[in-house]
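A.B. asks: Dropping in coords.cif, with mmCIF, C-alpha atoms and all ligand atoms.
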```
data_query
#
loop_
_atom_site.group_PDB
_atom_site.id
_atom_site.type_symbol
_atom_site.label_atom_id
_atom_site.label_comp_id
_atom_site.auth_asym_id
_atom_site.auth_seq_id
_atom_site.Cartn_x
_atom_site.Cartn_y
_atom_site.Cartn_z
ATOM 1 C CA MET J 1 121.697 112.945 132.991
ATOM 2 C CA SER J 2 121.241 113.972 129.431
ATOM 3 C CA SER J 3 117.972 115.286 128.175
ATOM 4 C CA ALA J 4 117.534 112.119 126.210
ATOM 5 C CA GLU J 5 117.871 110.181 129.420
ATOM 6 C CA THR J 6 115.267 112.229 131.204
ATOM 7 C CA ILE J 7 112.787 111.599 128.444
ATOM 8 C CA LEU J 8 112.642 107.929 129.151
ATOM 9 C CA SER J 9 113.598 107.775 132.766
ATOM 10 C CA PRO J 10 111.181 105.604 134.726
ATOM 11 C CA GLU J 11 109.370 106.813 137.736
ATOM 12 C CA THR J 12 110.100 104.046 140.104
ATOM 13 C CA VAL J 13 109.588 104.712 143.709
ATOM 14 C CA THR J 14 108.592 102.803 146.716
ATOM 15 C CA GLY J 15 106.083 104.418 148.937
ATOM 16 C CA ALA J 16 106.963 104.915 152.480
ATOM 17 C CA HIS J 17 104.132 102.824 152.606
ATOM 18 C CA GLY J 18 105.720 99.577 151.548
ATOM 19 C CA CYS J 19 103.789 99.878 148.358
ATOM 20 C CA SER J 20 105.242 99.662 144.911
ATOM 21 C CA LEU J 21 104.523 102.701 142.820
ATOM 22 C CA GLN J 22 105.722 102.489 139.300
ATOM 23 C CA ARG J 23 104.776 104.405 136.247
ATOM 24 C CA MET J 24 106.462 106.146 133.387
ATOM 25 C CA VAL J 25 106.076 109.883 133.674
ATOM 26 C CA MET J 26 107.375 112.790 131.744
ATOM 27 C CA PRO J 27 110.382 114.621 133.056
ATOM 28 C CA HIS J 28 110.272 117.761 135.095
ATOM 29 C CA GLY J 29 111.093 121.166 133.720
ATOM 30 C CA LYS J 30 113.733 122.159 136.266
ATOM 31 C CA ARG J 31 116.573 122.400 133.785
ATOM 32 C CA PRO J 32 116.124 123.916 130.374
ATOM 33 C CA ILE J 33 115.812 121.251 127.732
ATOM 34 C CA PRO J 34 117.777 121.825 124.534
ATOM 35 C CA LEU J 35 115.512 123.058 121.766
ATOM 36 C CA MET J 36 116.142 120.105 119.469
ATOM 37 C CA ILE J 37 115.068 117.739 122.237
ATOM 38 C CA GLN J 38 111.796 119.460 123.020
ATOM 39 C CA PRO J 39 109.878 118.230 119.946
ATOM 40 C CA VAL J 40 111.040 114.675 120.637
ATOM 41 C CA ARG J 41 109.904 114.939 124.206
ATOM 42 C CA SER J 42 106.572 116.351 123.115
ATOM 43 C CA ILE J 43 105.988 113.583 120.575
ATOM 44 C CA LEU J 44 106.950 110.886 123.037
ATOM 45 C CA SER J 45 104.683 112.377 125.637
ATOM 46 C CA ARG J 46 101.674 112.839 123.402
ATOM 47 C CA PHE J 47 101.804 109.748 121.268
ATOM 48 C CA LEU J 48 103.673 107.196 123.302
ATOM 49 C CA ILE J 49 104.029 107.593 127.025
ATOM 50 C CA ARG J 50 100.575 108.924 127.851
ATOM 51 C CA ARG J 51 98.726 106.570 125.498
ATOM 52 C CA LEU J 52 100.401 103.347 126.339
ATOM 53 C CA PRO J 53 98.857 101.228 129.075
ATOM 54 C CA MET J 54 100.855 101.499 132.271
ATOM 55 C CA ARG J 55 102.135 97.947 131.989
ATOM 56 C CA TYR J 56 103.927 98.821 128.744
ATOM 57 C CA THR J 57 105.387 102.105 129.965
ATOM 58 C CA ARG J 58 106.525 100.254 133.052
ATOM 59 C CA HIS J 59 108.366 97.691 130.961
ATOM 60 C CA LEU J 60 109.846 100.457 128.830
ATOM 61 C CA GLY J 61 111.045 102.265 131.903
ATOM 62 C CA ARG J 62 112.543 99.112 133.358
ATOM 63 C CA PHE J 63 114.367 98.405 130.125
ATOM 64 C CA TYR J 64 115.756 101.918 130.008
ATOM 65 C CA SER J 65 116.800 101.841 133.648
ATOM 66 C CA ARG J 66 118.552 98.510 133.313
ATOM 67 C CA ALA J 67 120.388 99.589 130.186
ATOM 68 C CA ALA J 68 121.474 102.878 131.752
ATOM 69 C CA ASN J 69 122.653 101.157 134.927
ATOM 70 C CA LEU J 70 124.545 98.557 132.953
ATOM 71 C CA LEU J 71 126.402 101.266 131.085
ATOM 72 C CA LYS J 72 127.019 103.463 134.085
ATOM 73 C CA TYR J 73 127.580 101.015 136.933
ATOM 74 C CA GLY J 74 128.205 97.755 135.130
ATOM 75 C CA ASP J 75 125.124 96.339 136.850
ATOM 76 C CA PRO J 76 121.677 96.421 135.250
ATOM 77 C CA THR J 77 120.051 95.739 138.614
ATOM 78 C CA PHE J 78 121.562 98.797 140.296
ATOM 79 C CA PRO J 79 118.871 100.818 142.120
ATOM 80 C CA ALA J 80 116.682 103.006 139.961
ATOM 81 C CA SER J 81 116.284 105.570 142.751
ATOM 82 C CA PHE J 82 117.501 106.475 146.236
ATOM 83 C CA HIS J 83 115.296 107.498 149.138
ATOM 84 C CA ILE J 84 116.562 109.407 152.141
ATOM 85 C CA GLU J 85 114.604 109.125 155.377
ATOM 86 C CA THR J 86 114.450 112.816 156.198
ATOM 87 C CA SER J 87 111.896 112.557 158.992
ATOM 88 C CA GLU J 88 109.930 109.949 160.883
ATOM 89 C CA PHE J 89 106.382 111.175 161.036
ATOM 90 C CA CYS J 90 103.234 110.816 159.008
ATOM 91 C CA ASN J 91 99.747 112.117 159.653
ATOM 92 C CA ARG J 92 98.191 108.876 158.382
ATOM 93 C CA SER J 93 98.288 105.288 159.556
ATOM 94 C CA CYS J 94 97.648 103.207 156.461
ATOM 95 C CA TRP J 95 97.298 99.540 157.328
ATOM 96 C CA TYR J 96 99.734 98.495 154.594
ATOM 97 C CA CYS J 97 102.456 100.889 155.720
ATOM 98 C CA SER J 98 105.230 99.447 157.787
ATOM 99 C CA SER J 99 105.240 102.664 159.805
ATOM 100 C CA ALA J 100 101.836 101.634 161.114
ATOM 101 C CA THR J 101 103.499 98.875 163.098
ATOM 102 C CA ARG J 102 105.710 101.147 165.166
ATOM 103 C CA PRO J 103 105.024 103.881 167.720
ATOM 104 C CA LYS J 104 104.690 107.383 166.305
ATOM 105 C CA ARG J 105 108.009 109.242 166.225
ATOM 106 C CA THR J 106 108.926 112.837 165.589
ATOM 107 C CA GLY J 107 112.609 112.783 164.632
ATOM 108 C CA VAL J 108 114.208 114.505 161.665
ATOM 109 C CA ILE J 109 117.492 113.643 160.002
ATOM 110 C CA SER J 110 120.517 115.552 161.261
ATOM 111 C CA ASP J 111 122.193 118.002 158.913
ATOM 112 C CA ALA J 112 125.383 115.962 159.135
ATOM 113 C CA MET J 113 123.666 112.746 158.076
ATOM 114 C CA PHE J 114 121.792 114.454 155.258
ATOM 115 C CA HIS J 115 125.041 115.917 153.944
ATOM 116 C CA LEU J 116 126.706 112.534 154.245
ATOM 117 C CA ALA J 117 123.872 110.940 152.243
ATOM 118 C CA LEU J 118 124.363 113.545 149.511
ATOM 119 C CA ALA J 119 128.108 112.967 149.596
ATOM 120 C CA ARG J 120 127.569 109.218 149.153
ATOM 121 C CA LEU J 121 125.355 109.926 146.151
ATOM 122 C CA GLN J 122 127.989 112.284 144.767
ATOM 123 C CA GLU J 123 130.467 109.408 144.924
ATOM 124 C CA LEU J 124 128.144 107.579 142.546
ATOM 125 C CA ASN J 125 127.788 110.600 140.306
ATOM 126 C CA TRP J 126 124.085 109.959 140.789
ATOM 127 C CA THR J 127 121.762 111.460 138.186
ATOM 128 C CA GLY J 128 118.527 109.632 138.948
ATOM 129 C CA PRO J 129 115.688 110.288 141.382
ATOM 130 C CA VAL J 130 116.416 111.269 144.986
ATOM 131 C CA ALA J 131 113.370 111.090 147.247
ATOM 132 C CA TYR J 132 112.818 112.299 150.804
ATOM 133 C CA HIS J 133 110.796 109.582 152.433
ATOM 134 C CA TYR J 134 110.963 106.261 154.133
ATOM 135 C CA GLU J 135 107.785 105.663 156.117
ATOM 136 C CA ASN J 136 107.200 109.385 156.528
ATOM 137 C CA GLU J 137 105.231 112.185 154.945
ATOM 138 C CA PRO J 138 107.888 114.572 153.638
ATOM 139 C CA LEU J 139 105.623 117.634 153.498
ATOM 140 C CA LEU J 140 105.504 117.516 157.297
ATOM 141 C CA ASN J 141 109.267 117.851 157.419
ATOM 142 C CA PRO J 142 110.150 121.471 158.229
ATOM 143 C CA ASN J 143 113.519 121.147 156.476
ATOM 144 C CA LEU J 144 112.200 119.759 153.208
ATOM 145 C CA LEU J 145 112.607 122.861 151.040
ATOM 146 C CA SER J 146 116.124 123.443 152.251
ATOM 147 C CA GLN J 147 116.991 119.781 151.681
ATOM 148 C CA ILE J 148 115.670 119.893 148.123
ATOM 149 C CA ALA J 149 117.762 123.002 147.447
ATOM 150 C CA GLN J 150 120.836 121.334 148.961
ATOM 151 C CA THR J 151 120.230 118.285 146.790
ATOM 152 C CA CYS J 152 120.138 120.440 143.684
ATOM 153 C CA ARG J 153 123.429 122.063 144.617
ATOM 154 C CA ALA J 154 125.170 118.812 145.503
ATOM 155 C CA LEU J 155 123.765 116.738 142.652
ATOM 156 C CA PRO J 156 122.770 119.185 139.929
ATOM 157 C CA ARG J 157 121.840 116.441 137.459
ATOM 158 C CA CYS J 158 119.708 114.330 139.791
ATOM 159 C CA ILE J 159 115.914 114.446 139.977
ATOM 160 C CA PRO J 160 114.690 115.624 143.407
ATOM 161 C CA THR J 161 111.470 113.693 143.805
ATOM 162 C CA LEU J 162 108.753 114.255 146.338
ATOM 163 C CA VAL J 163 106.454 111.358 147.140
ATOM 164 C CA THR J 164 103.590 112.604 149.253
ATOM 165 C CA ASN J 165 100.180 111.545 150.472
ATOM 166 C CA GLY J 166 99.003 114.945 149.187
ATOM 167 C CA ASP J 167 97.186 115.984 152.338
ATOM 168 C CA LEU J 168 99.214 119.205 152.565
ATOM 169 C CA LEU J 169 99.813 119.785 148.882
ATOM 170 C CA THR J 170 98.493 123.138 147.684
ATOM 171 C CA HIS J 171 99.335 125.574 144.915
ATOM 172 C CA GLU J 172 101.366 127.640 147.387
ATOM 173 C CA GLN J 173 103.254 124.569 148.521
ATOM 174 C CA MET J 174 103.931 123.617 144.913
ATOM 175 C CA ASP J 175 105.275 127.085 144.169
ATOM 176 C CA ALA J 176 107.704 126.738 147.057
ATOM 177 C CA LEU J 177 108.725 123.224 146.006
ATOM 178 C CA VAL J 178 109.368 124.302 142.440
ATOM 179 C CA GLU J 179 111.332 127.289 143.667
ATOM 180 C CA ALA J 180 113.450 124.945 145.799
ATOM 181 C CA GLY J 181 114.112 122.774 142.753
ATOM 182 C CA VAL J 182 111.795 119.783 143.011
ATOM 183 C CA GLY J 183 111.800 117.738 139.838
ATOM 184 C CA ARG J 184 108.852 115.438 140.321
ATOM 185 C CA VAL J 185 105.965 115.300 142.710
ATOM 186 C CA ILE J 186 104.230 111.956 142.991
ATOM 187 C CA VAL J 187 101.014 112.048 144.940
ATOM 188 C CA SER J 188 99.923 108.705 146.290
ATOM 189 C CA ARG J 189 96.181 108.407 146.692
ATOM 190 C CA HIS J 190 95.455 106.448 149.820
ATOM 191 C CA PRO J 191 92.088 105.349 151.102
ATOM 192 C CA PRO J 192 89.733 106.585 152.434
ATOM 193 C CA PHE J 193 89.092 108.628 149.300
ATOM 194 C CA ARG J 194 87.503 112.047 149.548
ATOM 195 C CA ASP J 195 86.088 114.313 146.841
ATOM 196 C CA ALA J 196 87.688 117.453 148.275
ATOM 197 C CA TRP J 197 91.130 115.809 148.279
ATOM 198 C CA ASP J 198 90.667 114.597 144.703
ATOM 199 C CA ALA J 199 89.587 118.039 143.507
ATOM 200 C CA ARG J 200 92.543 119.778 145.168
ATOM 201 C CA ILE J 201 95.110 117.349 143.790
ATOM 202 C CA GLU J 202 93.549 117.421 140.352
ATOM 203 C CA ALA J 203 93.852 121.219 140.343
ATOM 204 C CA VAL J 204 97.530 120.961 141.283
ATOM 205 C CA ARG J 205 98.140 118.367 138.581
ATOM 206 C CA HIS J 206 96.405 120.574 136.071
ATOM 207 C CA ALA J 207 98.664 123.490 136.988
ATOM 208 C CA TRP J 208 101.913 121.434 136.805
ATOM 209 C CA PRO J 209 101.063 118.646 134.326
ATOM 210 C CA ASP J 210 104.661 117.680 133.534
ATOM 211 C CA ARG J 211 105.785 117.673 137.112
ATOM 212 C CA VAL J 212 102.953 116.219 139.166
ATOM 213 C CA SER J 213 101.579 112.708 138.813
ATOM 214 C CA MET J 214 99.316 110.618 140.968
ATOM 215 C CA MET J 215 99.461 107.013 142.014
ATOM 216 C CA GLN J 216 96.582 104.946 143.204
ATOM 217 C CA VAL J 217 97.835 102.869 146.082
ATOM 218 C CA GLY J 218 96.554 99.478 146.921
ATOM 219 C CA VAL J 219 94.070 99.075 144.079
ATOM 220 C CA THR J 220 95.925 98.523 140.850
ATOM 221 C CA LEU J 221 99.391 97.804 142.192
ATOM 222 C CA PRO J 222 100.863 95.312 144.594
ATOM 223 C CA VAL J 223 100.654 96.066 148.256
ATOM 224 C CA HIS J 224 103.017 94.764 150.846
ATOM 225 C CA LYS J 225 101.918 93.302 154.059
ATOM 226 C CA ASN J 226 105.416 92.287 154.897
ATOM 227 C CA GLY J 227 104.672 89.819 157.648
ATOM 228 C CA GLN J 228 104.469 92.740 160.029
ATOM 229 C CA PHE J 229 100.729 93.077 159.553
ATOM 230 C CA ASP J 230 97.708 91.026 160.393
ATOM 231 C CA HIS J 231 95.857 92.012 157.244
ATOM 232 C CA ASP J 232 95.615 89.826 154.225
ATOM 233 C CA GLY J 233 97.470 91.298 151.305
ATOM 234 C CA ILE J 234 98.297 90.320 147.767
ATOM 235 C CA ALA J 235 99.905 86.899 147.596
ATOM 236 C CA TRP J 236 103.602 86.350 146.904
ATOM 237 C CA GLN J 237 104.056 87.227 143.249
ATOM 238 C CA GLY J 238 106.890 84.895 142.440
ATOM 239 C CA HIS J 239 109.913 87.067 142.941
ATOM 240 C CA CYS J 240 110.975 90.454 144.218
ATOM 241 C CA ILE J 241 113.188 93.185 142.794
ATOM 242 C CA ALA J 242 112.509 95.775 145.481
ATOM 243 C CA PRO J 243 116.186 96.627 146.162
ATOM 244 C CA SER J 244 116.669 97.395 142.478
ATOM 245 C CA LEU J 245 113.689 99.709 142.395
ATOM 246 C CA CYS J 246 114.997 101.939 145.143
ATOM 247 C CA LEU J 247 117.481 101.916 147.956
ATOM 248 C CA GLY J 248 116.771 103.701 151.222
ATOM 249 C CA ILE J 249 119.123 105.627 153.482
ATOM 250 C CA ARG J 250 117.737 105.893 156.977
ATOM 251 C CA MET J 251 118.230 108.666 159.512
ATOM 252 C CA ASN J 252 120.998 106.768 161.290
ATOM 253 C CA GLY J 253 122.735 105.944 158.008
ATOM 254 C CA ASP J 254 121.443 102.386 157.765
ATOM 255 C CA VAL J 255 120.718 101.043 154.299
ATOM 256 C CA PRO J 256 117.904 98.479 154.537
ATOM 257 C CA LEU J 257 117.098 95.600 152.238
ATOM 258 C CA CYS J 258 113.956 97.383 151.074
ATOM 259 C CA GLY J 259 111.360 99.918 152.091
ATOM 260 C CA CYS J 260 109.545 97.488 154.353
ATOM 261 C CA ASP J 261 112.068 97.222 157.120
ATOM 262 C CA ALA J 262 110.214 99.183 159.777
ATOM 263 C CA LYS J 263 112.072 97.488 162.590
ATOM 264 C CA HIS J 264 115.621 97.663 161.220
ATOM 265 C CA LEU J 265 115.791 93.898 160.920
ATOM 266 C CA ALA J 266 117.399 93.733 157.485
ATOM 267 C CA VAL J 267 120.216 96.281 157.495
ATOM 268 C CA MET J 268 122.649 95.802 154.626
ATOM 269 C CA GLY J 269 125.193 98.421 155.675
ATOM 270 C CA ASN J 270 125.613 101.963 156.930
ATOM 271 C CA ILE J 271 126.789 104.985 154.984
ATOM 272 C CA GLN J 272 128.841 106.235 157.937
ATOM 273 C CA THR J 273 131.411 103.548 157.278
ATOM 274 C CA GLN J 274 130.676 102.332 153.746
ATOM 275 C CA SER J 275 130.028 103.813 150.355
ATOM 276 C CA LEU J 276 126.735 102.965 148.667
ATOM 277 C CA ASN J 277 128.665 100.949 146.135
ATOM 278 C CA GLU J 278 130.297 98.878 148.869
ATOM 279 C CA ILE J 279 126.950 98.276 150.529
ATOM 280 C CA TRP J 280 125.307 97.311 147.236
ATOM 281 C CA ARG J 281 128.073 94.876 146.419
ATOM 282 C CA GLY J 282 128.237 93.395 149.913
ATOM 283 C CA ARG J 283 128.182 89.608 149.953
ATOM 284 C CA GLU J 284 125.024 89.256 152.048
ATOM 285 C CA PHE J 285 123.133 91.873 150.067
ATOM 286 C CA CYS J 286 124.095 90.274 146.733
ATOM 287 C CA ALA J 287 122.997 86.853 147.981
ATOM 288 C CA LEU J 288 119.666 88.190 149.252
ATOM 289 C CA ARG J 289 118.920 89.915 145.970
ATOM 290 C CA ARG J 290 119.751 86.772 144.051
ATOM 291 C CA THR J 291 117.488 84.723 146.290
ATOM 292 C CA LEU J 292 114.616 87.169 145.859
ATOM 293 C CA ARG J 293 115.023 87.373 142.102
ATOM 294 C CA ASN J 294 115.002 83.597 141.917
ATOM 295 C CA GLY J 295 111.627 83.452 143.612
ATOM 296 C CA ASN J 296 112.560 82.617 147.164
ATOM 297 C CA LEU J 297 112.028 84.620 150.293
ATOM 298 C CA GLY J 298 115.273 86.327 151.077
ATOM 299 C CA HIS J 299 114.909 87.436 154.667
ATOM 300 C CA LYS J 300 112.535 86.940 157.557
ATOM 301 C CA ILE J 301 110.998 90.361 156.876
ATOM 302 C CA CYS J 302 109.932 88.938 153.513
ATOM 303 C CA MET J 303 107.636 86.421 155.163
ATOM 304 C CA GLY J 304 104.111 87.271 154.114
ATOM 305 C CA CYS J 305 105.163 89.992 151.695
ATOM 306 C CA SER J 306 103.778 90.096 148.162
ATOM 307 C CA GLY J 307 107.178 91.038 146.774
ATOM 308 C CA MET J 308 107.698 93.720 144.153
ATOM 309 C CA ILE J 309 107.800 92.818 140.500
HETATM 310 S S1 LIG J 401 100.541 108.046 153.882
HETATM 311 FE FE1 LIG J 401 101.823 107.749 155.693
HETATM 312 S S2 LIG J 401 100.993 105.919 156.703
HETATM 313 FE FE2 LIG J 401 100.209 105.960 154.584
HETATM 314 S S3 LIG J 401 101.647 104.747 153.395
HETATM 315 FE FE3 LIG J 401 102.354 106.863 153.253
HETATM 316 S S4 LIG J 401 103.834 107.123 154.933
HETATM 317 FE FE4 LIG J 401 102.658 105.266 155.346
HETATM 318 S S1 LIG J 402 109.857 90.420 149.509
HETATM 319 FE FE1 LIG J 402 111.340 91.118 151.032
HETATM 320 S S2 LIG J 402 112.735 92.459 149.892
HETATM 321 FE FE2 LIG J 402 110.884 92.216 148.655
HETATM 322 S S3 LIG J 402 109.624 93.984 149.223
HETATM 323 FE FE3 LIG J 402 108.994 92.251 150.497
HETATM 324 S S4 LIG J 402 110.153 92.492 152.388
HETATM 325 FE FE4 LIG J 402 111.155 93.743 150.828
#
```
Any chance you could put this one into structure tokens?
Ligand code: SF4
Ligand code: SF4

C.D. replies:
Amino acid sequence: MSSAETILSPETVTGAHGCSLQRMVMPHGKRPIPLMIQPVRSILSRFLIRRLPMRYTRHLGRFYSRAANLLKYGDPTFPASFHIETSEFCNRSCWYCSSATRPKRTGVISDAMFHLALARLQELNWTGPVAYHYENEPLLNPNLLSQIAQTCRALPRCIPTLVTNGDLLTHEQMDALVEAGVGRVIVSRHPPFRDAWDARIEAVRHAWPDRVSMMQVGVTLPVHKNGQFDHDGIAWQGHCIAPSLCLGIRMNGDVPLCGCDAKHLAVMGNIQTQSLNEIWRGREFCALRRTLRNGNLGHKICMGCSGMI
């Protein structure tokens, strides 16, 4: 990814959570940015990105992502990010998270599967965000730092992205993450809200302003209830582009329709036998995406979901 690309790359991730988290953020400082680019980045940051309402930066990011994907993959709807399920556990049980509907598990991804996931991303020459969650809290994963470092080696131009509930995020943890090569840290702020948590995360954000951002979950953005919950959620919003926002790779290699498939009901392929490109272009997956974009529920897991727009 060129420096110019990183300037406008959208932060588009799906919380483990089944919640859509989207916001334009500034790029990380992992790789040195050419001198002539730095003033442009600074101007964009100060006068454009940070001042625009989120809905505009979101549209800008979407436009950029679609244009980049069209040029690179011949498909403007190609996923904006990839998420690897590196572990299965979370310390929280948010009602809107699809992990809340399953028994607690303690598994971690095997080294072989993690390497295979990286190899599949290498086949794509992937330069966008790579995240380490799918219904799990990655800071509880004992292999996280090593996996971030491996990602940097395998995909030196990608953006290793940590999406965390922030409960374990400290200055010391941030130092270790930065040392490992993390590009972005997105802290999702889940209820119940606590002053001590807010103060700690604010201090971390203050120390790494270009690398750490925070998302408010469930208040300003759509929340999924996914038909797997009894709670009322936000109503169906007319269509869904979840697969284009991010594509998950689960611990067994499955690639699900979206981040809400807690029960492995909507598996579109498996990286053990297929490339990510083959899975993405699979007939069933293409048809489901078309159906969702056109405003219809694509799969039974979509029943009761708000959709992602
Ligand atoms: S904090 Fe844990 S339970 Fe809550 S949405 Fe994230 S992964 Fe799910
Ligand atoms: S509508 Fe379907 S594809 Fe879209 S987020 Fe919900 S469950 Fe996933």

A.B. asks: Can you pull out every residue with an atom within 6 Å of ligand LIG 401 (chain J)? Use all atoms listed in the file and format it as a VMD selection string.

C.D. replies: chain J and resid 16 to 17 90 92 to 94 97 99 135 to 137 165

A.B. asks: Create the file for the chosen residues now, containing C-alpha atoms and written as a compact mmCIF listing (two decimals), in the frame of the given file.

C.D. replies:
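Wrote out08.txt, looks like this:
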```txt
# COMPACT_ATOMS: atom_id res chain seq x y z
CA ALA J 16 106.96 104.92 152.48
CA HIS J 17 104.13 102.82 152.61
CA CYS J 90 103.23 110.82 159.01
CA ARG J 92 98.19 108.88 158.38
CA SER J 93 98.29 105.29 159.56
CA CYS J 94 97.65 103.21 156.46
CA CYS J 97 102.46 100.89 155.72
CA SER J 99 105.24 102.66 159.80
CA GLU J 135 107.78 105.66 156.12
CA ASN J 136 107.20 109.38 156.53
CA GLU J 137 105.23 112.18 154.94
CA ASN J 165 100.18 111.54 150.47
```

A.B. asks: Any idea what's packed within 10 Å of region 253-255 of chain J, counting only C-alpha atoms, ignoring anything in its chain fewer than 6 positions away? Could you give it as a list in words?

C.D. replies: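 Once the nearby chain positions are removed, what remains is His83, Ile84, Glu85, Ile109, Met113, Phe114, Leu116, Ala117, Leu247, Asp261, His264, Ala266, Val267, Met268, Gly269, Asn270, Ile271, Gln272, Thr273, Gln274, Leu276, Ile279 and Trp280 of chain J.
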
A.B. asks: Ligand LIG 402 (chain J): which residues are within 9 Å, counting only C-alpha atoms and all ligand atoms, as an MDAnalysis selection string?

C.D. replies: chainID J and resid 18:20 224:227 236 239:243 257:261 266 288:289 292 296:309

A.B. asks: Would you save the residues from that selection as a PDB file, in the frame of the given file, using C-alpha atoms?

C.D. replies:
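Wrote it out as result24.pdb, contents follow:
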```
ATOM      1  CA  GLY J  18     105.720  99.577 151.548  1.00  0.00           C
ATOM      2  CA  CYS J  19     103.789  99.878 148.358  1.00  0.00           C
ATOM      3  CA  SER J  20     105.242  99.662 144.911  1.00  0.00           C
ATOM      4  CA  HIS J 224     103.017  94.764 150.846  1.00  0.00           C
ATOM      5  CA  LYS J 225     101.918  93.302 154.059  1.00  0.00           C
ATOM      6  CA  ASN J 226     105.416  92.287 154.897  1.00  0.00           C
ATOM      7  CA  GLY J 227     104.672  89.819 157.648  1.00  0.00           C
ATOM      8  CA  TRP J 236     103.602  86.350 146.904  1.00  0.00           C
ATOM      9  CA  HIS J 239     109.913  87.067 142.941  1.00  0.00           C
ATOM     10  CA  CYS J 240     110.975  90.454 144.218  1.00  0.00           C
ATOM     11  CA  ILE J 241     113.188  93.185 142.794  1.00  0.00           C
ATOM     12  CA  ALA J 242     112.509  95.775 145.481  1.00  0.00           C
ATOM     13  CA  PRO J 243     116.186  96.627 146.162  1.00  0.00           C
ATOM     14  CA  LEU J 257     117.098  95.600 152.238  1.00  0.00           C
ATOM     15  CA  CYS J 258     113.956  97.383 151.074  1.00  0.00           C
ATOM     16  CA  GLY J 259     111.360  99.918 152.091  1.00  0.00           C
ATOM     17  CA  CYS J 260     109.545  97.488 154.353  1.00  0.00           C
ATOM     18  CA  ASP J 261     112.068  97.222 157.120  1.00  0.00           C
ATOM     19  CA  ALA J 266     117.399  93.733 157.485  1.00  0.00           C
ATOM     20  CA  LEU J 288     119.666  88.190 149.252  1.00  0.00           C
ATOM     21  CA  ARG J 289     118.920  89.915 145.970  1.00  0.00           C
ATOM     22  CA  LEU J 292     114.616  87.169 145.859  1.00  0.00           C
ATOM     23  CA  ASN J 296     112.560  82.617 147.164  1.00  0.00           C
ATOM     24  CA  LEU J 297     112.028  84.620 150.293  1.00  0.00           C
ATOM     25  CA  GLY J 298     115.273  86.327 151.077  1.00  0.00           C
ATOM     26  CA  HIS J 299     114.909  87.436 154.667  1.00  0.00           C
ATOM     27  CA  LYS J 300     112.535  86.940 157.557  1.00  0.00           C
ATOM     28  CA  ILE J 301     110.998  90.361 156.876  1.00  0.00           C
ATOM     29  CA  CYS J 302     109.932  88.938 153.513  1.00  0.00           C
ATOM     30  CA  MET J 303     107.636  86.421 155.163  1.00  0.00           C
ATOM     31  CA  GLY J 304     104.111  87.271 154.114  1.00  0.00           C
ATOM     32  CA  CYS J 305     105.163  89.992 151.695  1.00  0.00           C
ATOM     33  CA  SER J 306     103.778  90.096 148.162  1.00  0.00           C
ATOM     34  CA  GLY J 307     107.178  91.038 146.774  1.00  0.00           C
ATOM     35  CA  MET J 308     107.698  93.720 144.153  1.00  0.00           C
ATOM     36  CA  ILE J 309     107.800  92.818 140.500  1.00  0.00           C
TER      37      ILE J 309
END
```

A.B. asks: Using all atoms listed in the file for the distances, tell me which of J:Ala262, J:Pro76, J:Phe193, J:Gly166 is nearest to Lys104 (chain J).

C.D. replies: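 Looking at the shortest contact to Lys104 (chain J), the residue is J:Ala262.
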
A.B. asks: Please compute the CA of Gly107 (chain J)-CA of Phe89 (chain J) distance, one decimal, in Å.

C.D. replies: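 Atom-to-atom, CA of Gly107 (chain J) and CA of Phe89 (chain J) are spaced 7.4 Å apart.
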
A.B. asks: Fewer than 3 positions away in the same chain doesn't count, so skip those; otherwise give me all residues within 7 Å of Gly181 (chain J), counting all atoms listed in the file, as a PyMOL selection string.

C.D. replies: chain J and resi 30+148-149+152+177-178

A.B. asks: At what distance in Å, to one decimal, does CA of Leu121 (chain J) lie from CA of Arg189 (chain J)?

C.D. replies: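 That distance, rounded to one decimal, is 29.2 Å.
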
A.B. asks: Tell me, in Å to one decimal, how far CA of Glu123 (chain J) is from CA of Glu278 (chain J).

C.D. replies: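 One can read the CA of Glu123 (chain J) to CA of Glu278 (chain J) distance as 11.2 Å.
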
A.B. asks: To test your reading of the syntax: which residues would the PyMOL selection byres (((chain J and resi 132) around 10) and not hetatm) return for the file shown? Reply as number ranges by chain.

C.D. replies: J: 16, 82-87, 130-131, 133-139, 141, 144, 147-148, 160-164, 248-249

A.B. asks: Which residues would end up in the selection if the PyMOL selection byres (((chain J and resi 211) around 7) and not hetatm) were applied here, given that I need the answer as a PDB file with C-alpha atoms, in the coordinates of the input?

C.D. replies:
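Saved to out08.pdb:
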```
ATOM      1  CA  PRO J  27     110.382 114.621 133.056  1.00  0.00           C
ATOM      2  CA  HIS J  28     110.272 117.761 135.095  1.00  0.00           C
ATOM      3  CA  GLY J 183     111.800 117.738 139.838  1.00  0.00           C
ATOM      4  CA  ARG J 184     108.852 115.438 140.321  1.00  0.00           C
ATOM      5  CA  VAL J 185     105.965 115.300 142.710  1.00  0.00           C
ATOM      6  CA  TRP J 208     101.913 121.434 136.805  1.00  0.00           C
ATOM      7  CA  PRO J 209     101.063 118.646 134.326  1.00  0.00           C
ATOM      8  CA  ASP J 210     104.661 117.680 133.534  1.00  0.00           C
ATOM      9  CA  VAL J 212     102.953 116.219 139.166  1.00  0.00           C
ATOM     10  CA  SER J 213     101.579 112.708 138.813  1.00  0.00           C
TER      11      SER J 213
END
```

A.B. asks: Run the PyMOL selection byres (((chain J and resi 78) around 12) and not hetatm) mentally over the shown coordinates, then write out the matched residues as a PyMOL selection string, using the chain letters and numbers from the document.

C.D. replies: chain J and resi 62+65-77+79-82+124+126+128+241-247+276-277+279-281+286+289
